[in-house]
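Q: Input query_12.cif, format and content: mmCIF, C-alpha atoms and all ligand atoms.
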data_model
#
loop_
_atom_site.label_atom_id
_atom_site.label_comp_id
_atom_site.auth_asym_id
_atom_site.auth_seq_id
_atom_site.Cartn_x
_atom_site.Cartn_y
_atom_site.Cartn_z
CA MET A 1 -5.30 -13.75 -1.13
CA LYS A 2 -1.80 -14.26 -2.44
CA ILE A 3 0.65 -11.36 -2.82
CA ASP A 4 3.94 -11.86 -4.67
CA ILE A 5 6.42 -9.01 -4.34
CA LEU A 6 9.21 -8.76 -6.90
CA THR A 7 12.14 -6.95 -5.33
CA LEU A 8 15.91 -6.71 -5.31
CA PHE A 9 15.88 -6.13 -1.54
CA PRO A 10 13.73 -8.80 0.17
CA LYS A 11 15.40 -8.20 3.55
CA MET A 12 13.73 -4.79 3.69
CA PHE A 13 10.47 -6.65 4.38
CA ASP A 14 11.77 -8.60 7.43
CA GLY A 15 10.27 -6.43 10.17
CA PHE A 16 7.17 -5.62 8.16
CA LEU A 17 6.16 -9.27 7.74
CA GLU A 18 7.15 -10.33 11.24
CA GLU A 19 5.15 -7.98 13.43
CA SER A 20 1.61 -7.19 14.49
CA ILE A 21 -1.46 -7.57 12.26
CA ILE A 22 0.38 -8.57 9.08
CA LYS A 23 2.23 -11.35 10.91
CA ARG A 24 -1.05 -12.58 12.42
CA ALA A 25 -2.78 -12.57 9.01
CA ILE A 26 0.05 -14.67 7.58
CA THR A 27 0.08 -17.06 10.56
CA ASN A 28 -3.70 -17.52 10.28
CA ASN A 29 -3.39 -18.24 6.52
CA LEU A 30 -5.57 -15.26 5.62
CA VAL A 31 -2.88 -14.05 3.23
CA ASN A 32 0.12 -15.67 1.58
CA ILE A 33 2.95 -13.19 0.93
CA ASN A 34 6.05 -14.20 -1.05
CA LEU A 35 9.19 -12.22 -1.78
CA ILE A 36 10.82 -12.94 -5.13
CA ASN A 37 14.26 -11.56 -5.78
CA PHE A 38 14.39 -10.93 -9.50
CA ARG A 39 18.20 -10.97 -9.34
CA ASP A 40 17.78 -14.78 -9.15
CA PHE A 41 16.30 -14.61 -12.66
CA SER A 42 19.25 -12.80 -14.24
CA LYS A 43 20.98 -14.91 -16.89
CA LEU A 44 24.09 -12.72 -16.84
CA SER A 45 27.19 -14.23 -15.25
CA ASN A 46 27.36 -11.67 -12.43
CA HIS A 47 23.55 -11.71 -11.87
CA GLN A 48 23.37 -8.16 -13.14
CA VAL A 49 19.82 -6.76 -13.34
CA ASP A 50 20.49 -3.22 -14.56
CA ASP A 51 22.44 -1.41 -17.22
CA THR A 52 23.28 2.06 -18.47
CA PRO A 53 20.54 3.92 -20.36
CA TYR A 54 20.55 3.94 -24.17
CA GLY A 55 21.23 7.46 -25.36
CA GLY A 56 23.36 8.21 -22.29
CA GLY A 57 22.35 10.06 -19.18
CA ARG A 58 22.05 9.50 -15.47
CA GLY A 59 21.77 6.33 -13.39
CA MET A 60 21.19 2.65 -14.05
CA VAL A 61 18.03 1.23 -15.60
CA LEU A 62 16.43 -2.11 -14.63
CA ARG A 63 16.55 -4.58 -17.52
CA CYS A 64 13.41 -6.28 -18.85
CA GLU A 65 14.47 -9.96 -18.80
CA PRO A 66 14.96 -10.68 -15.07
CA ILE A 67 11.81 -8.81 -14.09
CA ILE A 68 9.59 -10.34 -16.79
CA ASP A 69 11.04 -13.85 -16.21
CA ALA A 70 10.33 -13.49 -12.46
CA LEU A 71 6.85 -12.17 -13.25
CA GLU A 72 6.05 -15.05 -15.61
CA SER A 73 7.24 -17.59 -13.01
CA VAL A 74 4.34 -16.61 -10.72
CA LYS A 75 1.68 -15.11 -13.01
CA THR A 76 -1.61 -16.96 -13.59
CA ASN A 77 -4.97 -16.00 -15.14
CA ASP A 78 -6.03 -14.70 -11.70
CA SER A 79 -3.08 -12.33 -11.29
CA LYS A 80 -3.24 -8.54 -11.21
CA VAL A 81 0.19 -7.09 -11.95
CA ILE A 82 1.04 -3.71 -10.42
CA LEU A 83 4.11 -1.66 -11.19
CA LEU A 84 5.08 0.67 -8.35
CA SER A 85 6.12 3.94 -9.88
CA PRO A 86 5.93 7.66 -9.04
CA GLN A 87 4.38 8.09 -12.51
CA GLY A 88 1.37 5.89 -11.65
CA LYS A 89 -2.13 6.79 -10.52
CA THR A 90 -2.10 8.02 -6.92
CA TYR A 91 -3.06 5.32 -4.43
CA ASN A 92 -5.95 5.82 -2.01
CA GLN A 93 -8.38 3.94 0.25
CA LYS A 94 -10.85 3.44 -2.61
CA LYS A 95 -8.16 1.59 -4.55
CA ALA A 96 -7.27 -0.49 -1.47
CA MET A 97 -10.97 -1.50 -1.17
CA GLU A 98 -10.95 -2.50 -4.85
CA LEU A 99 -7.69 -4.49 -4.65
CA LYS A 100 -8.73 -6.43 -1.54
CA ASN A 101 -11.10 -8.40 -3.83
CA GLU A 102 -8.28 -9.69 -6.03
CA LYS A 103 -7.14 -13.31 -5.68
CA HIS A 104 -3.51 -12.68 -6.58
CA LEU A 105 -1.52 -9.46 -6.61
CA ILE A 106 1.96 -9.17 -8.06
CA LEU A 107 3.78 -5.99 -6.98
CA ILE A 108 6.91 -4.99 -8.89
CA CYS A 109 9.39 -2.78 -7.01
CA GLY A 110 11.76 -0.66 -9.05
CA HIS A 111 15.06 0.80 -7.91
CA TYR A 112 17.88 3.01 -9.19
CA GLU A 113 16.79 5.23 -12.11
CA GLY A 114 13.69 3.12 -12.79
CA PHE A 115 12.62 0.50 -15.34
CA ASP A 116 13.20 -0.15 -19.00
CA GLU A 117 10.07 1.44 -20.50
CA ARG A 118 9.07 -1.86 -22.18
CA ILE A 119 8.26 -3.41 -18.78
CA ARG A 120 5.11 -1.27 -18.79
CA ASN A 121 3.69 -3.53 -21.54
CA PHE A 122 3.52 -6.46 -19.11
CA VAL A 123 1.61 -4.86 -16.22
CA ASP A 124 -2.07 -4.19 -15.55
CA GLU A 125 -1.64 -0.99 -13.55
CA GLU A 126 0.94 1.54 -12.47
CA ILE A 127 0.47 2.88 -8.93
CA SER A 128 2.18 5.73 -7.10
CA VAL A 129 2.02 6.31 -3.35
CA GLY A 130 2.31 10.09 -3.78
CA ASP A 131 3.98 12.90 -5.62
CA TYR A 132 7.50 12.36 -4.32
CA VAL A 133 10.32 10.04 -5.33
CA LEU A 134 11.60 7.23 -3.11
CA THR A 135 14.79 5.20 -3.64
CA GLY A 136 12.78 2.07 -4.42
CA GLY A 137 9.36 0.45 -4.67
CA GLU A 138 9.75 -1.56 -1.45
CA ILE A 139 8.11 0.99 0.88
CA PRO A 140 5.25 1.54 -1.64
CA ALA A 141 4.81 -2.27 -1.82
CA MET A 142 4.55 -2.36 1.99
CA ILE A 143 2.02 0.50 1.90
CA LEU A 144 -0.21 -1.35 -0.59
CA THR A 145 0.18 -4.69 1.21
CA ASP A 146 -0.56 -3.24 4.65
CA SER A 147 -3.58 -1.22 3.55
CA ILE A 148 -5.05 -4.18 1.61
CA VAL A 149 -4.34 -6.98 4.11
CA ARG A 150 -6.13 -5.17 6.95
CA LEU A 151 -9.27 -5.13 4.76
CA ILE A 152 -9.26 -8.89 4.11
CA PRO A 153 -12.14 -10.54 6.01
CA ASN A 154 -11.18 -11.72 9.52
CA VAL A 155 -7.81 -9.91 9.60
CA ILE A 156 -9.38 -7.16 11.70
CA LYS A 157 -13.06 -6.71 12.56
CA GLU A 158 -15.03 -4.99 9.79
CA GLU A 159 -16.30 -2.39 12.30
CA SER A 160 -12.67 -1.46 12.98
CA TYR A 161 -12.16 -0.07 9.50
CA LEU A 162 -15.69 0.79 8.39
CA TYR A 163 -15.49 4.27 9.97
CA ASP A 164 -11.80 4.82 9.26
CA SER A 165 -10.79 8.03 7.53
CA PHE A 166 -11.55 8.04 3.77
CA MET A 167 -13.99 5.10 3.91
CA ASN A 168 -16.92 7.37 3.13
CA ASN A 169 -15.02 10.42 1.95
CA LEU A 170 -14.94 11.54 5.59
CA LEU A 171 -12.16 11.65 8.18
CA ASP A 172 -12.58 9.61 11.36
CA TYR A 173 -14.29 11.08 14.45
CA PRO A 174 -12.14 11.99 17.50
CA THR A 175 -11.43 9.15 19.94
CA TYR A 176 -10.47 9.27 23.63
CA THR A 177 -9.47 6.77 26.32
CA LYS A 178 -8.80 6.89 30.08
CA PRO A 179 -8.28 9.06 32.12
CA PRO A 180 -11.38 11.27 31.76
CA VAL A 181 -9.29 14.41 32.48
CA TYR A 182 -5.64 14.77 31.47
CA ARG A 183 -3.80 18.01 32.36
CA GLY A 184 -7.13 19.81 32.44
CA LEU A 185 -8.22 18.43 29.04
CA LYS A 186 -11.62 16.75 29.41
CA VAL A 187 -13.17 13.92 27.45
CA PRO A 188 -16.49 15.22 25.96
CA ASP A 189 -19.36 14.47 28.37
CA VAL A 190 -21.42 12.68 25.73
CA LEU A 191 -18.83 9.89 25.50
CA LEU A 192 -19.14 9.24 29.25
CA SER A 193 -22.96 9.36 29.17
CA GLY A 194 -23.54 5.75 28.07
CA HIS A 195 -26.30 7.05 25.71
CA HIS A 196 -25.60 5.11 22.52
CA GLU A 197 -27.84 7.12 20.18
CA ASN A 198 -26.33 10.45 21.34
CA ILE A 199 -22.82 9.05 21.03
CA LYS A 200 -23.54 7.84 17.48
CA ASN A 201 -24.96 11.26 16.48
CA TRP A 202 -22.03 13.10 18.09
CA ARG A 203 -19.53 10.93 16.23
CA GLU A 204 -21.25 11.53 12.88
CA GLU A 205 -21.27 15.30 13.49
CA GLN A 206 -17.64 15.29 14.59
CA ALA A 207 -16.51 13.26 11.54
CA LEU A 208 -18.17 15.88 9.33
CA GLU A 209 -16.66 18.81 11.29
CA ASN A 210 -13.24 17.18 11.30
CA THR A 211 -13.38 16.69 7.52
CA LYS A 212 -14.57 20.30 6.95
CA LYS A 213 -11.67 21.56 9.04
CA LYS A 214 -8.87 19.36 7.70
CA ARG A 215 -9.89 18.01 4.27
CA LYS A 216 -12.66 20.03 2.64
CA ASP A 217 -11.72 18.46 -0.70
CA LEU A 218 -13.11 15.09 0.48
CA LEU A 219 -16.56 16.60 1.03
CA GLU A 220 -16.65 17.78 -2.57
CA LYS A 221 -16.20 14.13 -3.66
CA LYS A 222 -18.93 12.94 -1.29
C1 LIG B 301 14.34 6.55 -7.79
S1 LIG B 301 12.81 5.87 -8.31
C2 LIG B 301 12.85 6.17 -10.06
C3 LIG B 301 12.13 7.43 -10.42
C4 LIG B 301 12.09 7.69 -11.91
N1 LIG B 301 13.37 8.15 -12.39
C5 LIG B 301 11.07 8.77 -12.18
O1 LIG B 301 11.38 9.95 -11.99
O2 LIG B 301 9.89 8.43 -12.49
C6 LIG B 301 13.13 4.14 -8.21
C7 LIG B 301 11.88 3.28 -8.01
O3 LIG B 301 11.28 3.58 -6.77
C8 LIG B 301 9.88 3.35 -6.82
N2 LIG B 301 9.21 4.58 -6.44
C9 LIG B 301 9.78 5.78 -6.16
N3 LIG B 301 8.87 6.68 -5.81
C10 LIG B 301 7.67 6.08 -5.85
C11 LIG B 301 6.33 6.50 -5.61
N4 LIG B 301 6.04 7.75 -5.26
N5 LIG B 301 5.34 5.58 -5.74
C12 LIG B 301 5.60 4.31 -6.10
N6 LIG B 301 6.85 3.85 -6.37
C13 LIG B 301 7.86 4.72 -6.25
C14 LIG B 301 9.57 2.92 -8.24
O4 LIG B 301 9.46 1.51 -8.27
C15 LIG B 301 10.77 3.43 -9.01
O5 LIG B 301 11.02 2.69 -10.18
#
Represent the structure contained in this file as structure tokens.
Ligand SMILES: C[S@@+](CC[C@H](N)C(=O)[O-])C[C@H]1O[C@@H](n2cnc3c(N)ncnc32)[C@H](O)[C@@H]1O
A:
Amino acid sequence: MKIDILTLFPKMFDGFLEESIIKRAITNNLVNINLINFRDFSKLSNHQVDDTPYGGGRGMVLRCEPIIDALESVKTNDSKVILLSPQGKTYNQKKAMELKNEKHLILICGHYEGFDERIRNFVDEEISVGDYVLTGGEIPAMILTDSIVRLIPNVIKEESYLYDSFMNNLLDYPTYTKPPVYRGLKVPDVLLSGHHENIKNWREEQALENTKKKRKDLLEKK
């Protein structure tokens, strides 16, 4: 998979792309991630990418030309273009599972007061990471990239995410590691029993209980 991220602040991605699972996926050529600064596509003498809103009012608005020129420099017939915006459809694991099958994602990060409305005519989807407003689309782009890349075959083992929270409209079951007792808190006996069938049943029950307790709404979708 290829992911092109259009941003004014590529340095924000430094740590994100250089650590842990995402770094390994890039090194192993399982994903190709490029940062494209759309300021480089501005034709204005000072490389300006924004301007004041028509009709007056607050903030600066991102202009169409640099963003669309940057977009068209990378777009192909295989591309899916996503605008990151608090006004988009709320992102979730189901959407991550759907997007992991795309060959090429282009993520457009806004900033300041947002985009010229006409940019919406050039995108396939508008996605929000939740009902709150961030200063820019860079963190949302990292959220989409991270959640999608870990689902690409061979990035992590399939069994590592198959029972993750939300995969089946359930939350994950509780997990424990050594020591068996910590400050009087014991690991459930079944997990120390070595009885695989009982452990499997216990985990299924616990996932259901956990979901009932914390996210009943998921069970209604199930
Ligand atoms: C300050 S926000 C602009 C918000 C805009 N005035 C509005 O109320 O819809 C600047 C940029 O950050 C990104 N952004 C902010 N919150 C977001 C969210 N919840 N999900 C996705 N992107 C978001 C978008 O790219 C947006 O264009």
Q: Neighbouring residues of ligand LIG 301 (chain B) are defined here as those with any atom at most 9 Å from a ligand atom, counting all atoms listed in the file; list them as JSON, numbers by chain.
A: {"A": [59, 61, 62, 83, 84, 85, 86, 87, 88, 89, 90, 91, 108, 109, 110, 111, 112, 113, 114, 115, 126, 127, 128, 129, 130, 131, 132, 133, 134, 135, 136, 137, 138, 139, 140, 141]}
Q: Any chance you can output those residues with C-alpha atoms as an mmCIF file, in the coordinates of the input?
A:
data_model
loop_
_atom_site.group_PDB
_atom_site.id
_atom_site.type_symbol
_atom_site.label_atom_id
_atom_site.label_comp_id
_atom_site.auth_asym_id
_atom_site.auth_seq_id
_atom_site.Cartn_x
_atom_site.Cartn_y
_atom_site.Cartn_z
ATOM 1 C CA GLY A 59 21.770 6.330 -13.390
ATOM 2 C CA VAL A 61 18.030 1.230 -15.600
ATOM 3 C CA LEU A 62 16.430 -2.110 -14.630
ATOM 4 C CA LEU A 83 4.110 -1.660 -11.190
ATOM 5 C CA LEU A 84 5.080 0.670 -8.350
ATOM 6 C CA SER A 85 6.120 3.940 -9.880
ATOM 7 C CA PRO A 86 5.930 7.660 -9.040
ATOM 8 C CA GLN A 87 4.380 8.090 -12.510
ATOM 9 C CA GLY A 88 1.370 5.890 -11.650
ATOM 10 C CA LYS A 89 -2.130 6.790 -10.520
ATOM 11 C CA THR A 90 -2.100 8.020 -6.920
ATOM 12 C CA TYR A 91 -3.060 5.320 -4.430
ATOM 13 C CA ILE A 108 6.910 -4.990 -8.890
ATOM 14 C CA CYS A 109 9.390 -2.780 -7.010
ATOM 15 C CA GLY A 110 11.760 -0.660 -9.050
ATOM 16 C CA HIS A 111 15.060 0.800 -7.910
ATOM 17 C CA TYR A 112 17.880 3.010 -9.190
ATOM 18 C CA GLU A 113 16.790 5.230 -12.110
ATOM 19 C CA GLY A 114 13.690 3.120 -12.790
ATOM 20 C CA PHE A 115 12.620 0.500 -15.340
ATOM 21 C CA GLU A 126 0.940 1.540 -12.470
ATOM 22 C CA ILE A 127 0.470 2.880 -8.930
ATOM 23 C CA SER A 128 2.180 5.730 -7.100
ATOM 24 C CA VAL A 129 2.020 6.310 -3.350
ATOM 25 C CA GLY A 130 2.310 10.090 -3.780
ATOM 26 C CA ASP A 131 3.980 12.900 -5.620
ATOM 27 C CA TYR A 132 7.500 12.360 -4.320
ATOM 28 C CA VAL A 133 10.320 10.040 -5.330
ATOM 29 C CA LEU A 134 11.600 7.230 -3.110
ATOM 30 C CA THR A 135 14.790 5.200 -3.640
ATOM 31 C CA GLY A 136 12.780 2.070 -4.420
ATOM 32 C CA GLY A 137 9.360 0.450 -4.670
ATOM 33 C CA GLU A 138 9.750 -1.560 -1.450
ATOM 34 C CA ILE A 139 8.110 0.990 0.880
ATOM 35 C CA PRO A 140 5.250 1.540 -1.640
ATOM 36 C CA ALA A 141 4.810 -2.270 -1.820
#
Q: Find the residues around Arg39 in chain A up to 9 Å (only C-alpha atoms counted), leave out those fewer than 6 positions away in its own chain, and share them as a PyMOL selection string.
A: chain A and resi 7-8+47-49+66-67+70
Q: In Å, rounded to a single decimal, give me how far CA of Asp4 in chain A is from CA of Val74 in chain A.
A: 7.7 Å
Q: Calculated over only C-alpha atoms, which of the candidates A:Arg63, A:Lys80, A:Lys43, A:Lys213 has the smallest distance to His104 in chain A?
A: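 Counting only C-alpha atoms, the residue closest to His104 in chain A is A:Lys80.
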Q: For CA of Asn168 in chain A and CA of Asn101 in chain A, determine how far apart the two atoms are, in Å to one decimal place.
A: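 Between these atoms lies a distance of 18.2 Å.
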Q: Give the answer as one residue: which of A:Asn210, A:Gln93, A:Ser193, A:Asn154 has the shortest atom-to-atom distance to Asp172 in chain A, using all atoms listed in the file?
A: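 Of all the options, A:Asn210 lies closest to Asp172 in chain A.
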Q: Just how far from CA of Glu117 in chain A is CA of Ser42 in chain A, in Å to one decimal?
A: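 Going from CA of Ser42 in chain A over to CA of Glu117 in chain A covers 18.1 Å.
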Q: Please build the interface table for range 120-190 of chain A against range 20-23 of chain A with a cut-off of 9 Å, listing for each qualifying residue the nearest atom pair and the distance in Å to one decimal; count only C-alpha atoms, order rows by chain and increasing number, and write it as JSON lines.
A:
{"residue": "A:Thr145", "atom": "CA", "partner": "A:Ile22", "partner_atom": "CA", "distance": 8.8}
{"residue": "A:Asp146", "atom": "CA", "partner": "A:Ile22", "partner_atom": "CA", "distance": 7.0}
{"residue": "A:Val149", "atom": "CA", "partner": "A:Ile22", "partner_atom": "CA", "distance": 7.0}
{"residue": "A:Arg150", "atom": "CA", "partner": "A:Ile21", "partner_atom": "CA", "distance": 7.5}
{"residue": "A:Val155", "atom": "CA", "partner": "A:Ile21", "partner_atom": "CA", "distance": 7.3}
{"residue": "A:Ile156", "atom": "CA", "partner": "A:Ile21", "partner_atom": "CA", "distance": 8.0}
Q: Of the candidates A:Tyr54, A:Tyr173, A:Leu162, A:Ser79, which shows the shortest atom-to-atom distance to Asn201 in chain A, using all atoms listed in the file?
A: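 Ranking A:Tyr54, A:Tyr173, A:Leu162, A:Ser79 by distance to Asn201 in chain A, first place goes to A:Tyr173.
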Q: Quick one: of A:Val123, A:Asp78, A:Leu107, A:Ile152, who's nearest to Ala25 in chain A, counting only C-alpha atoms?
A: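 The closest residue to Ala25 in chain A is A:Ile152.
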Q: So, with all atoms listed in the file as the atoms that count, which of A:Arg215, A:Leu105, A:Thr175, A:Val187 lies closest to Arg203 in chain A?
A: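 Once distances to Arg203 in chain A are computed over all atoms listed in the file, the minimum belongs to A:Thr175.
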Q: Can you tell me which residues surround Ile33 in chain A at a distance of at most 9 Å, considering only C-alpha atoms, apart from same-chain residues fewer than 4 positions away, and format the answer as a list in words?
A: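 Close residues of Ile33 in chain A: Met1, Lys2, Ile3, Asp4, Ile5, Leu17, Ile26 and Thr145 of chain A.
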Q: Which residue out of A:Met12, A:Leu6, A:Leu208, A:Leu35 has the minimum interatomic distance to Val81 in chain A when all atoms listed in the file are used?
A: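 Using all atoms listed in the file, the shortest distance to Val81 in chain A belongs to A:Leu6.
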Q: For Trp202 in chain A, list every protein, DNA or RNA residue within 12 Å, evaluated using only C-alpha atoms, and leave out those in the same chain fewer than 4 positions away; present the list as JSON, numbers by chain.
A: {"A": [173, 174, 175, 188, 189, 190, 191, 193, 195, 196, 197, 198, 206, 207, 208, 209, 210]}
Q: Quick one: range 45-63 of chain A with C-alpha atoms, as a compact mmCIF listing (two decimals), in the first residue's frame?
A:
# COMPACT_ATOMS: atom_id res chain seq x y z
CA SER A 45 5.74 34.66 -4.62
CA ASN A 46 5.84 34.12 -0.85
CA HIS A 47 4.56 30.49 -1.11
CA GLN A 48 1.35 31.55 0.57
CA VAL A 49 -1.23 28.75 0.87
CA ASP A 50 -4.05 30.54 2.72
CA ASP A 51 -6.02 33.73 2.54
CA THR A 52 -8.73 35.66 4.35
CA PRO A 53 -12.31 34.38 3.98
CA TYR A 54 -14.63 35.99 1.44
CA GLY A 55 -17.40 37.78 3.29
CA GLY A 56 -15.11 38.53 6.23
CA GLY A 57 -14.88 36.68 9.50
CA ARG A 58 -12.37 34.76 11.54
CA GLY A 59 -9.12 33.02 10.60
CA MET A 60 -7.33 32.08 7.41
CA VAL A 61 -8.69 29.65 4.83
CA LEU A 62 -6.57 27.18 2.82
CA ARG A 63 -6.65 28.02 -0.90
